[in-house]
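**Student:** Following this line is my_file03.pdb, made up of PDB, C-alpha atoms:
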```pdb
ATOM      1  CA  MET A   1       0.000   0.000   0.000
ATOM      2  CA  SER A   2       1.420   3.413  -0.926
ATOM      3  CA  THR A   3       1.333   6.453   1.250
ATOM      4  CA  ALA A   4       0.034   9.671  -0.301
ATOM      5  CA  ARG A   5       2.146  12.725   0.313
ATOM      6  CA  ARG A   6       0.250  15.460   2.151
ATOM      7  CA  LEU A   7       0.865  19.017   0.982
ATOM      8  CA  VAL A   8       0.797  21.705   3.645
ATOM      9  CA  SER A   9      -1.193  24.790   2.706
ATOM     10  CA  ILE A  10      -0.045  28.243   3.822
ATOM     11  CA  SER A  11      -1.673  31.652   3.534
ATOM     12  CA  VAL A  12      -0.634  34.365   1.085
ATOM     13  CA  ASP A  13       0.656  36.470   3.998
ATOM     14  CA  GLU A  14       2.771  33.567   5.313
ATOM     15  CA  TYR A  15       4.173  33.007   1.823
ATOM     16  CA  LEU A  16       5.050  36.670   1.224
ATOM     17  CA  SER A  17       6.641  36.992   4.649
ATOM     18  CA  GLY A  18       8.654  33.811   4.144
ATOM     19  CA  GLU A  19       9.875  34.906   0.701
ATOM     20  CA  LEU A  20      11.358  38.080   2.187
ATOM     21  CA  ARG A  21      13.541  35.943   4.477
ATOM     22  CA  SER A  22      14.251  33.008   2.170
ATOM     23  CA  THR A  23      17.586  32.482   0.436
ATOM     24  CA  ILE A  24      15.820  30.692  -2.437
ATOM     25  CA  LYS A  25      12.763  31.675  -4.463
ATOM     26  CA  HIS A  26       9.464  29.807  -4.275
ATOM     27  CA  GLU A  27       6.367  30.001  -6.407
ATOM     28  CA  TYR A  28       2.939  29.853  -4.751
ATOM     29  CA  VAL A  29      -0.022  27.991  -6.230
ATOM     30  CA  GLY A  30      -3.197  28.091  -4.171
ATOM     31  CA  GLY A  31      -1.501  27.669  -0.806
ATOM     32  CA  VAL A  32       1.247  25.272  -1.880
ATOM     33  CA  VAL A  33       4.840  26.511  -2.186
ATOM     34  CA  TYR A  34       7.314  25.151  -4.766
ATOM     35  CA  ALA A  35      11.070  25.841  -4.707
ATOM     36  CA  MET A  36      12.521  27.109  -7.961
ATOM     37  CA  ALA A  37      15.569  25.596  -9.626
ATOM     38  CA  GLY A  38      18.346  27.634 -11.199
ATOM     39  CA  GLY A  39      18.760  27.958 -14.957
ATOM     40  CA  SER A  40      21.568  27.122 -17.362
ATOM     41  CA  ASN A  41      24.099  29.727 -18.427
ATOM     42  CA  ALA A  42      22.352  30.018 -21.813
ATOM     43  CA  HIS A  43      18.996  30.545 -20.058
ATOM     44  CA  ASN A  44      20.460  33.316 -17.906
ATOM     45  CA  MET A  45      22.217  34.978 -20.856
ATOM     46  CA  VAL A  46      19.001  35.071 -22.919
ATOM     47  CA  LYS A  47      17.014  36.373 -19.946
ATOM     48  CA  GLY A  48      19.654  39.052 -19.292
ATOM     49  CA  ASN A  49      19.750  40.083 -22.950
ATOM     50  CA  ILE A  50      15.970  40.524 -23.009
ATOM     51  CA  PHE A  51      15.947  42.532 -19.789
ATOM     52  CA  ALA A  52      18.839  44.732 -20.966
ATOM     53  CA  SER A  53      17.182  45.439 -24.314
ATOM     54  CA  LEU A  54      13.838  46.339 -22.742
ATOM     55  CA  HIS A  55      15.487  48.378 -19.998
ATOM     56  CA  GLN A  56      17.357  50.455 -22.591
ATOM     57  CA  GLN A  57      14.306  50.961 -24.812
ATOM     58  CA  LEU A  58      11.953  51.889 -21.954
ATOM     59  CA  ARG A  59      14.299  54.183 -20.028
ATOM     60  CA  GLY A  60      12.514  57.408 -19.070
ATOM     61  CA  ARG A  61       9.103  56.074 -20.103
ATOM     62  CA  PRO A  62       6.176  54.948 -17.931
ATOM     63  CA  CYS A  63       6.565  51.199 -18.590
ATOM     64  CA  ARG A  64       9.382  49.420 -16.754
ATOM     65  CA  PRO A  65      10.959  45.991 -17.074
ATOM     66  CA  PHE A  66      11.389  43.797 -14.012
ATOM     67  CA  ASP A  67      13.720  40.821 -13.757
ATOM     68  CA  SER A  68      13.131  37.384 -12.278
ATOM     69  CA  ASP A  69      13.321  38.655  -8.691
ATOM     70  CA  THR A  70       9.859  40.219  -9.055
ATOM     71  CA  LYS A  71       6.801  38.031  -8.574
ATOM     72  CA  ILE A  72       3.533  38.407 -10.467
ATOM     73  CA  ARG A  73       0.343  37.914  -8.437
ATOM     74  CA  ILE A  74      -2.498  36.196 -10.264
ATOM     75  CA  ARG A  75      -5.963  36.209  -8.743
ATOM     76  CA  LEU A  76      -7.930  33.293 -10.140
ATOM     77  CA  PRO A  77     -11.555  32.697  -9.123
ATOM     78  CA  ASN A  78     -10.631  29.872  -6.729
ATOM     79  CA  GLN A  79      -7.028  30.631  -5.746
ATOM     80  CA  VAL A  80      -4.120  33.063  -5.731
ATOM     81  CA  ARG A  81      -0.817  32.303  -7.436
ATOM     82  CA  PHE A  82       2.580  33.960  -7.450
ATOM     83  CA  TYR A  83       5.051  33.204 -10.230
ATOM     84  CA  TYR A  84       8.514  34.603 -10.914
ATOM     85  CA  PRO A  85       8.655  35.168 -14.695
ATOM     86  CA  ASP A  86      12.082  35.664 -16.237
ATOM     87  CA  VAL A  87      11.174  39.193 -17.361
ATOM     88  CA  SER A  88       8.013  41.265 -17.071
ATOM     89  CA  VAL A  89       7.052  44.770 -18.138
ATOM     90  CA  VAL A  90       4.665  46.806 -16.005
ATOM     91  CA  CYS A  91       3.169  50.176 -16.933
ATOM     92  CA  ARG A  92       1.125  50.684 -13.748
ATOM     93  CA  PRO A  93       3.414  49.410 -10.978
ATOM     94  CA  ASN A  94       2.478  48.427  -7.458
ATOM     95  CA  PRO A  95       3.907  50.523  -4.595
ATOM     96  CA  GLN A  96       7.690  50.218  -4.365
ATOM     97  CA  ASP A  97       7.560  48.486  -0.979
ATOM     98  CA  ASP A  98       5.496  45.590  -2.430
ATOM     99  CA  SER A  99       7.433  42.464  -3.430
ATOM    100  CA  PHE A 100       5.188  41.673  -6.399
ATOM    101  CA  GLN A 101       3.358  43.222  -9.329
ATOM    102  CA  ASP A 102      -0.325  42.883 -10.261
ATOM    103  CA  GLU A 103      -0.610  44.447 -13.734
ATOM    104  CA  PRO A 104       2.051  43.175 -16.146
ATOM    105  CA  VAL A 105       1.613  44.133 -19.788
ATOM    106  CA  VAL A 106       4.291  41.756 -21.104
ATOM    107  CA  ILE A 107       5.575  38.538 -19.502
ATOM    108  CA  VAL A 108       8.584  36.586 -20.784
ATOM    109  CA  GLU A 109       9.490  33.015 -19.865
ATOM    110  CA  VAL A 110      12.727  31.471 -21.129
ATOM    111  CA  LEU A 111      12.100  27.771 -21.601
ATOM    112  CA  SER A 112      14.139  24.885 -20.256
ATOM    113  CA  PRO A 113      13.545  21.136 -20.495
ATOM    114  CA  GLU A 114      12.499  21.165 -16.819
ATOM    115  CA  THR A 115      10.072  24.124 -17.039
ATOM    116  CA  ARG A 116       8.768  23.943 -20.617
ATOM    117  CA  ARG A 117       5.641  21.958 -19.769
ATOM    118  CA  THR A 118       4.682  24.304 -16.912
ATOM    119  CA  ASP A 119       5.506  27.474 -18.890
ATOM    120  CA  GLU A 120       3.456  26.319 -21.894
ATOM    121  CA  GLY A 121       0.604  24.948 -19.789
ATOM    122  CA  GLU A 122      -0.176  25.913 -16.186
ATOM    123  CA  LYS A 123       1.629  29.261 -16.187
ATOM    124  CA  LYS A 124       0.391  30.272 -19.640
ATOM    125  CA  ASP A 125      -3.200  29.491 -18.680
ATOM    126  CA  ALA A 126      -2.869  31.524 -15.477
ATOM    127  CA  TYR A 127      -1.000  34.465 -17.041
ATOM    128  CA  LEU A 128      -3.564  34.826 -19.838
ATOM    129  CA  THR A 129      -6.268  35.562 -17.230
ATOM    130  CA  ILE A 130      -4.500  38.781 -16.150
ATOM    131  CA  PRO A 131      -6.621  41.676 -17.521
ATOM    132  CA  SER A 132      -3.612  43.964 -18.141
ATOM    133  CA  LEU A 133      -1.569  41.342 -20.035
ATOM    134  CA  ALA A 134      -1.134  42.116 -23.732
ATOM    135  CA  ALA A 135       1.657  39.656 -24.634
ATOM    136  CA  TYR A 136       3.143  36.438 -23.252
ATOM    137  CA  LEU A 137       6.482  35.432 -24.791
ATOM    138  CA  LEU A 138       8.025  31.958 -24.674
ATOM    139  CA  VAL A 139      11.707  31.982 -25.628
ATOM    140  CA  ASP A 140      13.733  28.883 -26.525
ATOM    141  CA  PRO A 141      17.372  29.359 -25.430
ATOM    142  CA  ARG A 142      18.565  26.461 -27.615
ATOM    143  CA  SER A 143      17.502  27.902 -30.983
ATOM    144  CA  PRO A 144      16.602  31.396 -32.225
ATOM    145  CA  SER A 145      12.863  30.970 -31.765
ATOM    146  CA  LEU A 146      10.234  32.874 -29.832
ATOM    147  CA  VAL A 147       6.468  32.377 -29.602
ATOM    148  CA  ALA A 148       4.402  35.471 -28.765
ATOM    149  CA  PHE A 149       0.829  35.115 -27.532
ATOM    150  CA  ARG A 150      -0.949  38.442 -28.036
ATOM    151  CA  ARG A 151      -4.347  39.584 -26.856
ATOM    152  CA  ALA A 152      -6.809  39.859 -29.750
ATOM    153  CA  GLU A 153     -10.595  40.211 -30.008
ATOM    154  CA  GLN A 154     -11.019  36.427 -30.041
ATOM    155  CA  GLY A 155      -8.573  35.840 -27.150
ATOM    156  CA  PHE A 156      -4.834  35.280 -27.237
ATOM    157  CA  VAL A 157      -3.294  34.331 -30.577
ATOM    158  CA  GLY A 158       0.184  32.804 -30.955
ATOM    159  CA  GLN A 159       2.774  33.826 -33.517
ATOM    160  CA  THR A 160       6.217  32.278 -33.984
ATOM    161  CA  TYR A 161       9.344  34.307 -34.771
ATOM    162  CA  GLU A 162      12.398  32.378 -35.969
ATOM    163  CA  GLY A 163      15.921  33.218 -37.062
ATOM    164  CA  ALA A 164      18.441  35.812 -35.984
ATOM    165  CA  ASP A 165      16.943  38.403 -38.361
ATOM    166  CA  ALA A 166      13.470  38.234 -36.803
ATOM    167  CA  VAL A 167      12.118  41.239 -34.917
ATOM    168  CA  VAL A 168       9.311  40.862 -32.376
ATOM    169  CA  PRO A 169       7.235  44.053 -32.249
ATOM    170  CA  LEU A 170       5.942  45.008 -28.807
ATOM    171  CA  ALA A 171       3.691  47.901 -29.790
ATOM    172  CA  GLU A 172       1.871  47.495 -26.461
ATOM    173  CA  ILE A 173       4.899  49.036 -24.724
ATOM    174  CA  GLY A 174       6.508  50.895 -27.633
ATOM    175  CA  ALA A 175       9.450  48.498 -27.950
ATOM    176  CA  GLU A 176      10.700  45.518 -29.935
ATOM    177  CA  LEU A 177      12.928  42.511 -29.424
ATOM    178  CA  ARG A 178      15.492  41.721 -32.099
ATOM    179  CA  LEU A 179      16.344  38.024 -31.915
ATOM    180  CA  GLU A 180      19.893  38.931 -32.905
ATOM    181  CA  GLU A 181      20.142  40.794 -29.547
ATOM    182  CA  VAL A 182      18.117  38.245 -27.574
ATOM    183  CA  TYR A 183      20.591  35.512 -28.561
ATOM    184  CA  ALA A 184      23.801  37.576 -28.461
ATOM    185  CA  GLY A 185      26.615  35.378 -27.156
ATOM    186  CA  ILE A 186      24.632  32.132 -27.398
ATOM    187  CA  GLU A 187      26.264  29.144 -29.104
ATOM    188  CA  PHE A 188      23.667  26.822 -30.619
ATOM    189  CA  PRO A 189      24.208  23.067 -30.764
ATOM    190  CA  PRO A 190      24.830  21.679 -34.260
TER     191      PRO A 190
END
```
Just give me the structure of the file as C-alpha cells.
**Tutor:**
Amino acid sequence: MSTARRLVSISVDEYLSGELRSTIKHEYVGGVVYAMAGGSNAHNMVKGNIFASLHQQLRGRPCRPFDSDTKIRIRLPNQVRFYYPDVSVVCRPNPQDDSFQDEPVVIVEVLSPETRRTDEGEKKDAYLTIPSLAAYLLVDPRSPSLVAFRRAEQGFVGQTYEGADAVVPLAEIGAELRLEEVYAGIEFPP
C-alpha cells in the first residue's frame, strides 16, 4: 500500500513573509509553495539580454521591465498564485515596498527542459487571465525561436518568430525585441 504525500497549505501572507527571508525563491499555487531551480548559463544569458534590451528601450518612459526577482500575483476565481517570470514589463506598478506586481503588460518566460511543460501549460493558462496582459512570450534558449501570444478580439493568438533576423514588435509598450540581440553570445548546438 502506498502512502500519499500530504501538501501543507499556507496563507498568502505567510508566503510573502517567508519569501522576504528566504535564500531561495518559491512560487505559490493556491496555498502550496514550490522551490525554484536555477537555470543554465544560456537561459540566464538570454534572460539578461531581453531585460537589458527592454530596460534600454523603456528608459525614461512609464513602462518598466522587471527581472526574475519580481513576482507576479495572479488572482484566479478559486485561488491566488505567485510566479517569478524571467522578465516582465509593467506600466502601472504596485507601490515600491510591495514584493510583487499585479498588472504586467508583457511577460517573458525562457524555456528549459524542466520548465517547458509548466511554462506552456499551467503558467500560460494563469497568465492569460491577467486583464492587463497584452503579450506572453516563450523563448527557446537552444535555438533562435520565440512564440508570442498576443491579446486579440477572439482571445490570445500565438505567432512564432524564428531566425536571428526576426524582430518581435511590442507595440503594447513601444518596444521591440530583435532576436539577434536576444541571442547575443549564445552558441547553438549543431
**Student:** Take the PyMOL selection byres ((chain A and resi 112) around 10), run it mentally on this structure, and tell me the resulting residues as a ChimeraX atom specification.
**Tutor:** /A:39-40,42-43,109-111,113-117,119,139-142
**Student:** Taking the file as shown, find all residues satisfying the PyMOL selection byres ((chain A and resi 74) around 8) and write them as a ChimeraX atom specification.
**Tutor:** /A:72-73,75-76,80-82,102,126-127,129-130
**Student:** With the file shown as input, list the residues that the PyMOL selection byres ((chain A and resi 12) around 9) selects, as a list in words.
**Tutor:**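 Against this file, the PyMOL selection byres ((chain A and resi 12) around 9) returns the residues Ile10, Ser11, Asp13, Glu14, Tyr15, Leu16, Ser17, Tyr28, Gly30, Gly31, Val80 and Arg81 of chain A.
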**Student:** Counting only C-alpha atoms, what is within 12 Å of range 35-38 of chain A, bar same-chain residues fewer than 6 positions away, as a list in words?
**Tutor:** Tyr15, Glu19, Ser22, Thr23, Ile24, Lys25, His26, Glu27, Tyr28, Val29, Asn44, Ser68, Asp69, Tyr83, Tyr84, Pro85, Asp86, Ser112, Pro113, Glu114 and Thr115 of chain A
**Student:** Do you have the CA of Phe66 in chain A-CA of Ser88 in chain A distance handy?
**Tutor:** 5.2 Å
**Student:** Tell me, as an MDAnalysis selection string, which residues lie within 9 Å of range 49-53 of chain A, counting only C-alpha atoms; anything in the same chain fewer than 5 positions away does not count.
**Tutor:** chainID A and resid 44 58 65:67 86:88 108 176:178 181:184
**Student:** Record the distance separating CA of Pro189 in chain A and CA of Asn41 in chain A, expressed in Å with one decimal.
**Tutor:** 14.0 Å
**Student:** Let me know the centre plus edge lengths, in Å and rounded to one decimal, of a box with edges along x, y and z that contains all listed atoms of range 105-109 of chain A and is padded by 8 Å on every side, as lines of an AutoDock Vina configuration file.
**Tutor:**
```
center_x = 5.6
center_y = 38.6
center_z = -20.3
size_x = 23.9
size_y = 27.1
size_z = 17.6
```
**Student:** Applying 9 Å and only C-alpha atoms, which residues near Glu172 in chain A remain after dropping the ones on its own chain fewer than 4 positions away? List them as an NGL selection string.
**Tutor:** :A and (105-106 or 134-135)
**Student:** Could those residues be written to a file, using C-alpha atoms, as a compact mmCIF listing (two decimals), keeping the file's coordinate frame?
**Tutor:**
```
# COMPACT_ATOMS: atom_id res chain seq x y z
CA VAL A 105 1.61 44.13 -19.79
CA VAL A 106 4.29 41.76 -21.10
CA ALA A 134 -1.13 42.12 -23.73
CA ALA A 135 1.66 39.66 -24.63
```
**Student:** State, in Å with one decimal place, the distance from CA of Pro104 in chain A to CA of Lys71 in chain A.
**Tutor:**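 Separation between CA of Pro104 in chain A and CA of Lys71 in chain A: 10.3 Å.
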**Student:** Do a neighbour search on range 163-165 of chain A at 7 Å with all atoms listed in the file, toss out local chain neighbours closer than 6 positions, and write the hits as an mmCIF file with C-alpha atoms, in the frame of the given file.
**Tutor:**
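Generated output (result_17.cif):
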```cif
data_model
loop_
_atom_site.group_PDB
_atom_site.id
_atom_site.type_symbol
_atom_site.label_atom_id
_atom_site.label_comp_id
_atom_site.auth_asym_id
_atom_site.auth_seq_id
_atom_site.Cartn_x
_atom_site.Cartn_y
_atom_site.Cartn_z
ATOM 1 C CA PRO A 144 16.602 31.396 -32.225
ATOM 2 C CA SER A 145 12.863 30.970 -31.765
ATOM 3 C CA LEU A 179 16.344 38.024 -31.915
ATOM 4 C CA GLU A 180 19.893 38.931 -32.905
#
```
**Student:** Identify which of the residues A:Ala152, A:Leu54, A:Leu128, A:Val8 lies closest to Leu170 in chain A, counting all atoms listed in the file when measuring atom-to-atom distances.
**Tutor:**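 Nearest to Leu170 in chain A: A:Leu54.
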**Student:** Of the candidates A:Ile107, A:Tyr161, A:Val147, A:Leu133, which shows the shortest atom-to-atom distance to Lys47 in chain A, using only C-alpha atoms?
**Tutor:**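 Among the listed residues, A:Ile107 lies closest to Lys47 in chain A.
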**Student:** With all atoms listed in the file as the atoms that count, which of A:Arg151, A:Arg21, A:Lys124, A:Arg92 lies nearest to Arg64 in chain A?
**Tutor:**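 Result for the nearest residue to Arg64 in chain A: A:Arg92.
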**Student:** Since the input lacks atoms, please generate N, CA and C atoms for range 118-145 of chain A and provide them as a PDB file, in the coordinates of the input.
**Tutor:**
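As written to disk, out_30.pdb reads:
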```pdb
ATOM      1  N   THR A 118       5.383  23.375 -17.802  1.00  0.00           N
ATOM      2  CA  THR A 118       4.682  24.304 -16.912  1.00  0.00           C
ATOM      3  C   THR A 118       4.509  25.665 -17.580  1.00  0.00           C
ATOM      4  N   ASP A 119       5.571  26.162 -18.235  1.00  0.00           N
ATOM      5  CA  ASP A 119       5.506  27.474 -18.890  1.00  0.00           C
ATOM      6  C   ASP A 119       4.486  27.496 -20.019  1.00  0.00           C
ATOM      7  N   GLU A 120       4.391  26.388 -20.769  1.00  0.00           N
ATOM      8  CA  GLU A 120       3.456  26.319 -21.894  1.00  0.00           C
ATOM      9  C   GLU A 120       2.052  25.904 -21.472  1.00  0.00           C
ATOM     10  N   GLY A 121       1.899  25.426 -20.259  1.00  0.00           N
ATOM     11  CA  GLY A 121       0.604  24.948 -19.789  1.00  0.00           C
ATOM     12  C   GLY A 121       0.077  25.764 -18.625  1.00  0.00           C
ATOM     13  N   GLU A 122       0.364  25.303 -17.412  1.00  0.00           N
ATOM     14  CA  GLU A 122      -0.176  25.913 -16.186  1.00  0.00           C
ATOM     15  C   GLU A 122       0.068  27.416 -16.105  1.00  0.00           C
ATOM     16  N   LYS A 123       1.319  27.831 -16.301  1.00  0.00           N
ATOM     17  CA  LYS A 123       1.629  29.261 -16.187  1.00  0.00           C
ATOM     18  C   LYS A 123       0.961  30.060 -17.294  1.00  0.00           C
ATOM     19  N   LYS A 124       1.026  29.563 -18.519  1.00  0.00           N
ATOM     20  CA  LYS A 124       0.391  30.272 -19.640  1.00  0.00           C
ATOM     21  C   LYS A 124      -1.094  30.465 -19.363  1.00  0.00           C
ATOM     22  N   ASP A 125      -1.764  29.392 -18.962  1.00  0.00           N
ATOM     23  CA  ASP A 125      -3.200  29.491 -18.680  1.00  0.00           C
ATOM     24  C   ASP A 125      -3.491  30.523 -17.598  1.00  0.00           C
ATOM     25  N   ALA A 126      -2.664  30.563 -16.568  1.00  0.00           N
ATOM     26  CA  ALA A 126      -2.869  31.524 -15.477  1.00  0.00           C
ATOM     27  C   ALA A 126      -2.536  32.945 -15.931  1.00  0.00           C
ATOM     28  N   TYR A 127      -1.392  33.124 -16.590  1.00  0.00           N
ATOM     29  CA  TYR A 127      -1.000  34.465 -17.041  1.00  0.00           C
ATOM     30  C   TYR A 127      -2.056  35.080 -17.965  1.00  0.00           C
ATOM     31  N   LEU A 128      -2.623  34.283 -18.858  1.00  0.00           N
ATOM     32  CA  LEU A 128      -3.564  34.826 -19.838  1.00  0.00           C
ATOM     33  C   LEU A 128      -4.874  35.295 -19.214  1.00  0.00           C
ATOM     34  N   THR A 129      -5.079  35.040 -17.920  1.00  0.00           N
ATOM     35  CA  THR A 129      -6.268  35.562 -17.230  1.00  0.00           C
ATOM     36  C   THR A 129      -6.043  36.965 -16.676  1.00  0.00           C
ATOM     37  N   ILE A 130      -4.817  37.458 -16.700  1.00  0.00           N
ATOM     38  CA  ILE A 130      -4.500  38.781 -16.150  1.00  0.00           C
ATOM     39  C   ILE A 130      -5.062  39.847 -17.099  1.00  0.00           C
ATOM     40  N   PRO A 131      -5.987  40.693 -16.637  1.00  0.00           N
ATOM     41  CA  PRO A 131      -6.621  41.676 -17.521  1.00  0.00           C
ATOM     42  C   PRO A 131      -5.647  42.634 -18.209  1.00  0.00           C
ATOM     43  N   SER A 132      -4.552  43.004 -17.564  1.00  0.00           N
ATOM     44  CA  SER A 132      -3.612  43.964 -18.141  1.00  0.00           C
ATOM     45  C   SER A 132      -2.665  43.339 -19.162  1.00  0.00           C
ATOM     46  N   LEU A 133      -2.563  42.006 -19.186  1.00  0.00           N
ATOM     47  CA  LEU A 133      -1.569  41.342 -20.035  1.00  0.00           C
ATOM     48  C   LEU A 133      -1.924  41.484 -21.509  1.00  0.00           C
ATOM     49  N   ALA A 134      -0.957  41.975 -22.287  1.00  0.00           N
ATOM     50  CA  ALA A 134      -1.134  42.116 -23.732  1.00  0.00           C
ATOM     51  C   ALA A 134      -0.327  41.083 -24.502  1.00  0.00           C
ATOM     52  N   ALA A 135       0.812  40.612 -23.916  1.00  0.00           N
ATOM     53  CA  ALA A 135       1.657  39.656 -24.634  1.00  0.00           C
ATOM     54  C   ALA A 135       2.386  38.745 -23.654  1.00  0.00           C
ATOM     55  N   TYR A 136       2.408  37.457 -23.998  1.00  0.00           N
ATOM     56  CA  TYR A 136       3.143  36.438 -23.252  1.00  0.00           C
ATOM     57  C   TYR A 136       4.131  35.820 -24.216  1.00  0.00           C
ATOM     58  N   LEU A 137       5.432  35.908 -23.899  1.00  0.00           N
ATOM     59  CA  LEU A 137       6.482  35.432 -24.791  1.00  0.00           C
ATOM     60  C   LEU A 137       7.160  34.203 -24.213  1.00  0.00           C
ATOM     61  N   LEU A 138       7.296  33.170 -25.033  1.00  0.00           N
ATOM     62  CA  LEU A 138       8.025  31.958 -24.674  1.00  0.00           C
ATOM     63  C   LEU A 138       9.264  31.896 -25.551  1.00  0.00           C
ATOM     64  N   VAL A 139      10.443  31.881 -24.917  1.00  0.00           N
ATOM     65  CA  VAL A 139      11.707  31.982 -25.628  1.00  0.00           C
ATOM     66  C   VAL A 139      12.487  30.683 -25.455  1.00  0.00           C
ATOM     67  N   ASP A 140      12.932  30.106 -26.563  1.00  0.00           N
ATOM     68  CA  ASP A 140      13.733  28.883 -26.525  1.00  0.00           C
ATOM     69  C   ASP A 140      15.209  29.259 -26.531  1.00  0.00           C
ATOM     70  N   PRO A 141      15.965  28.959 -25.455  1.00  0.00           N
ATOM     71  CA  PRO A 141      17.372  29.359 -25.430  1.00  0.00           C
ATOM     72  C   PRO A 141      18.279  28.484 -26.297  1.00  0.00           C
ATOM     73  N   ARG A 142      17.729  27.386 -26.844  1.00  0.00           N
ATOM     74  CA  ARG A 142      18.565  26.461 -27.615  1.00  0.00           C
ATOM     75  C   ARG A 142      18.470  26.655 -29.118  1.00  0.00           C
ATOM     76  N   SER A 143      17.583  27.553 -29.563  1.00  0.00           N
ATOM     77  CA  SER A 143      17.502  27.902 -30.983  1.00  0.00           C
ATOM     78  C   SER A 143      16.841  29.272 -31.081  1.00  0.00           C
ATOM     79  N   PRO A 144      17.182  30.052 -32.115  1.00  0.00           N
ATOM     80  CA  PRO A 144      16.602  31.396 -32.225  1.00  0.00           C
ATOM     81  C   PRO A 144      15.123  31.328 -32.583  1.00  0.00           C
ATOM     82  N   SER A 145      14.295  31.145 -31.558  1.00  0.00           N
ATOM     83  CA  SER A 145      12.863  30.970 -31.765  1.00  0.00           C
ATOM     84  C   SER A 145      12.094  31.513 -30.573  1.00  0.00           C
TER      85      SER A 145
END
```
